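Participant: Dumping the structure here so I can ask a few things about it.
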Amino acid sequence: MFSRKQIVFYTLVTTLTLATLLISSWEIFWCSHGYTGTVNNTLALWAKQRGRIKYTSKDTAVVIGSSRLLFGLNLSKFSNKVGGEKPIQLASMKTSPIVVLRDLAHDRNFSHFTIIGVTPASFFLGNSDTLELISYYKNQTMNQIIDHELAIQLEKRFAFMDESLSIDSLFLNKFMQTEQETVSPPKLANFDESRQAYMWKKLERDESYKTQVRQIWNDYLKRNSSLLLSEESDKRIREVSILVEKIKSKGGMVVFVRLPSKRRFLKWETENFPRNEYWDKLIRTSNSPGYHFADFFDAGDFDVPDNSHLSRRDADVFSDGFSLFVKPLYDNWINNNKNKQSN
Amino acid sequence: MLLGSYFFYAAWHPPFIVLLWISTASDWFIASKLSITKSSTHKKWLLFLSVLINLGLLIYFKYSAFLLSNFQSILDSTHIRIELPSDNIILPLGISFYTFQSMSYTIDIYKGKLKPSKNLSDFALYVSFFPQLVAGPIVKAREFLPQLINPKFTKLHNLYWGLLLSTFGLFQKVIVADTLLAPVADTAFEMPSTLSLLDSWVGVLAFSVQILSDFSGYSLIAIGIAYCFGFKLPKNFNAPYSAIGFSDFWKRWHISLSSWLKEYLYISIGGNRKSLNRTYFNLMVTMLLGGMWHGASWSFIMWGALHGFFLVLEHMLKNRFNPKLLKNYVFRTLAGLFTFLLVNIAWVFFRSPEISSSFLYLEAMLGMNEFASETLNLFQINVTVAVVAATLLAHRFFRYRNLRSEIMRLPSWATSVIWALMIVIILGSDNNANEFVYFQF
């Protein structure tokens, strides 16, 4: 007969052993399916990058936009080829950059070199979910920061902590979402601490997974097949131009960039957002330089596995081309700022 | 432990630690004066000072914006053109809890129920003890201070029960409240004007178990963590959805608050010692203030008023029932379900962002929405019904039972399996858990 103390001890040990075995099995299962440790793209991760603006020099580029810019711009390559520290990545999945742009334009500390990604639908029409990002950043507490730093250490080391493998993502969200809600692709990328997204290898190599993700985007395009746009988008262009002017008046600089899309996505964007009425109008009205992929490449030059986001290899290729374009603008801007300071 | 608790609190918003110190220091000095003062008038003034400081802090941070905006509405309605300042005041975390806790110390000393603590650090730890600082349970000084007489050491037995209770609490919060029910309740309460009859009932049922799981989950975590350090905190929930009548409900829901309000407010203003009408009045005042304690909005006041009304009604009717009927199983089951129904109606006011949307929601619950459409899907409805049914059955089971005794009856292998599964499911959930609902109070 065991004493109460022994029962307690054995129960604790059994529980820990069983929990460890179950978690290890879960971890091994997901590793065998191509998952690795990855930093989750959370509000706290975004807030940490946003907080860098206060402490980094103005030479550091700041990147805003939607998910294409998360994948398509290799931050390390950019800083090596153009200059400055590793850019501050503030682009966000499935959203318009307008709220972040407003926040930066009104920030007295902000006069950085700014790269704004233009994904037509989200840029010209999207009404952003990024309010939550700004609110989180402004109200973040010290214990949330500590929690985030601890969480990252675990996330980097354990595949099962990938947010796409949570119970919510695997099971519940599938059933909890109503017809009106957009179904999100299960997993597109791995992230690092600087919010650099790397397309998930399965999406680059696995044809059936590629097809699944493309189908999700196709359903999204079908649901939004005809959009009444012009007034809303004109308002957006005007507002963006005002905000860009505000950044420039503080000594900052803005460059717009349009990353490649392909096949059905490209067709839909070309039909619904004709270049001369949207991109060209934006560049003209804001009086800012713009890098449109079609001016330098054919769409066919790129591997865009899900028709919307660049593969890792071609993100490097795109980043090289983009950096070549930006370098003289960046150098000119730095020199102008230095001259202003010495005067 | 004290430094750790201060660091824990300051990690949220460092300047607000000063408020905790103000409450602690003022009540420490007032209590020490109370214990040596002979004059009853002087004692009354000292007590009044303690109440003024604590309630003053609470009223300023929690209610000033509400009072100002309502006063502005009155001015606007009388066409008096005065713009009052509208300050965005941050509500300090846990202020509703630690001010009440600190006041209970001075009130108990005033009443002679407690001798003042000889050690300032003991008293400071009582006020700021980190497991229960931000969302209770509201612990009375006479329950906590004696535990500080002997030094505490973590024992295996305490660690076992503490960790088990905390795991169970975390499971309730992360899985039941946040993962299963919050999405359903949030969806339903977002657009009450287009809710169907079914969706509105499913939504409020989801919220009823969400708030229970969230808050009782937090309480269990607090109790569990405290127990790991050798401290016993009082139970805060006792199968509230098995309650038969509202008196019974308030002996089971947020027990630490209801017992605080009963002892320091209801009994102090007369309780049931005077006339029947005075008793009803005292009940209403207590519940109205209890509603206001939760937040500065007419919705919370309405919620408190409804509970007060149901309590008064129960008092009026209870002696009209045949005592044999009150012991009848079928009657008690039906009465319990009816209590649960009325609690849910009151929850509509608690959850709705403002009072106008509460009435819209109630219209939906009566099937009066002309343009009702399907908002929730079948999976959400099934999950909610399953969780609510399981909760009601569990509460019925635990009505006269104790969680700890039931766990001790299980074979240890079963405890291990259940515990390990809870840990794994918690780790496998979305890491971005929602804030505890009661943190906003």
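Each chain in the structure tokens gets a letter, A, B, ..., in the order shown, and its residues are numbered from 1; ligands are numbered from 1 in order too.
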Could you give me, as a list in words, the residues within 8 Å of Val63 of chain A, counting only C-alpha atoms and dropping anything in the same chain fewer than 6 positions from it?

Facilitator: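 My reading of the contact set: Leu69, Pro87, Ile88, Gln89, Leu90, Ala91, Thr114, Ile115, Ile116 and Gly117 of chain A.
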
Participant: Find the residues near Ala189 of chain A: any atom within 12 Å, counting only C-alpha atoms, skip ones fewer than 2 places away on the same chain, and give them as an NGL selection string.

Facilitator: :A and (34-41 or 67-68 or 70-72 or 93 or 162-164 or 185-187 or 191-192 or 195-204 or 306 or 309-312)

Participant: Give me, as a VMD selection string, the contact residues of chain A against chain B at a cut-off of 6 Å, counting only C-alpha atoms.

Facilitator: chain A and resid 11 15 19 141 to 143 166 to 167 175 to 176

Participant: Just write the chosen residues, C-alpha atoms, as a PDB file, in the first residue's frame.

Facilitator:
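Final output, out.pdb:
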ATOM      1  CA  THR A  11       1.133  10.784 -10.131  1.00  0.00           C
ATOM      2  CA  THR A  15       1.772  12.994 -15.641  1.00  0.00           C
ATOM      3  CA  ALA A  19       2.737  14.746 -21.248  1.00  0.00           C
ATOM      4  CA  THR A 141       2.975  46.111 -21.337  1.00  0.00           C
ATOM      5  CA  MET A 142       6.302  44.919 -20.022  1.00  0.00           C
ATOM      6  CA  ASN A 143       4.928  41.500 -19.162  1.00  0.00           C
ATOM      7  CA  SER A 166      -2.834  24.945 -33.169  1.00  0.00           C
ATOM      8  CA  ILE A 167      -6.121  23.182 -32.442  1.00  0.00           C
ATOM      9  CA  PHE A 175     -15.863  24.579 -38.875  1.00  0.00           C
ATOM     10  CA  MET A 176     -16.235  27.824 -36.968  1.00  0.00           C
TER      11      MET A 176
END

Participant: Pick out the residues sitting within 10 Å of Val348 of chain B, and hand them over as a PyMOL selection string; count only C-alpha atoms, and ignore anything fewer than 2 positions along from it in its own chain.

Facilitator: chain B and resi 189+200+203-205+207-208+299+303+343-346+350-353+355+357-362+365

Participant: Compile the contact shell of segment 124-126 of chain B as a PyMOL selection string: residues with an atom at most 8 Å away, counting only C-alpha atoms, same-chain residues fewer than 4 positions apart removed.

Facilitator: chain B and resi 1-2+5+24+120+141+144-145

Participant: Using only C-alpha atoms, can you tell me which of B:Leu148, B:Ile95, B:Leu334, B:Leu393 comes closest to Val18 of chain B?

Facilitator: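 Of B:Leu148, B:Ile95, B:Leu334, B:Leu393, the one nearest Val18 of chain B is B:Ile95, counting only C-alpha atoms.
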
Participant: What is the distance between atom CA of Ser356 of chain B and atom CA of Ala65 of chain B, in Å to one decimal?

Facilitator: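 Calculated distance between atom CA of Ser356 of chain B and atom CA of Ala65 of chain B is 19.4 Å.
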
Participant: Separation of atom CA of Lys338 of chain A and atom CA of Leu243 of chain A, in Å?

Facilitator: 23.5 Å

Participant: Rank A:Gly321, A:Lys250, A:Glu269, A:Leu43 by their smallest atom-to-atom distance to Lys340 of chain A, using only C-alpha atoms, and report the top residue only.

Facilitator: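 Ranked by minimum distance to Lys340 of chain A, first place goes to A:Lys250.
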
Participant: Please report the interatomic distance between atom CA of Phe29 of chain A and atom CA of Met161 of chain A in Å with one decimal.

Facilitator: 12.8 Å
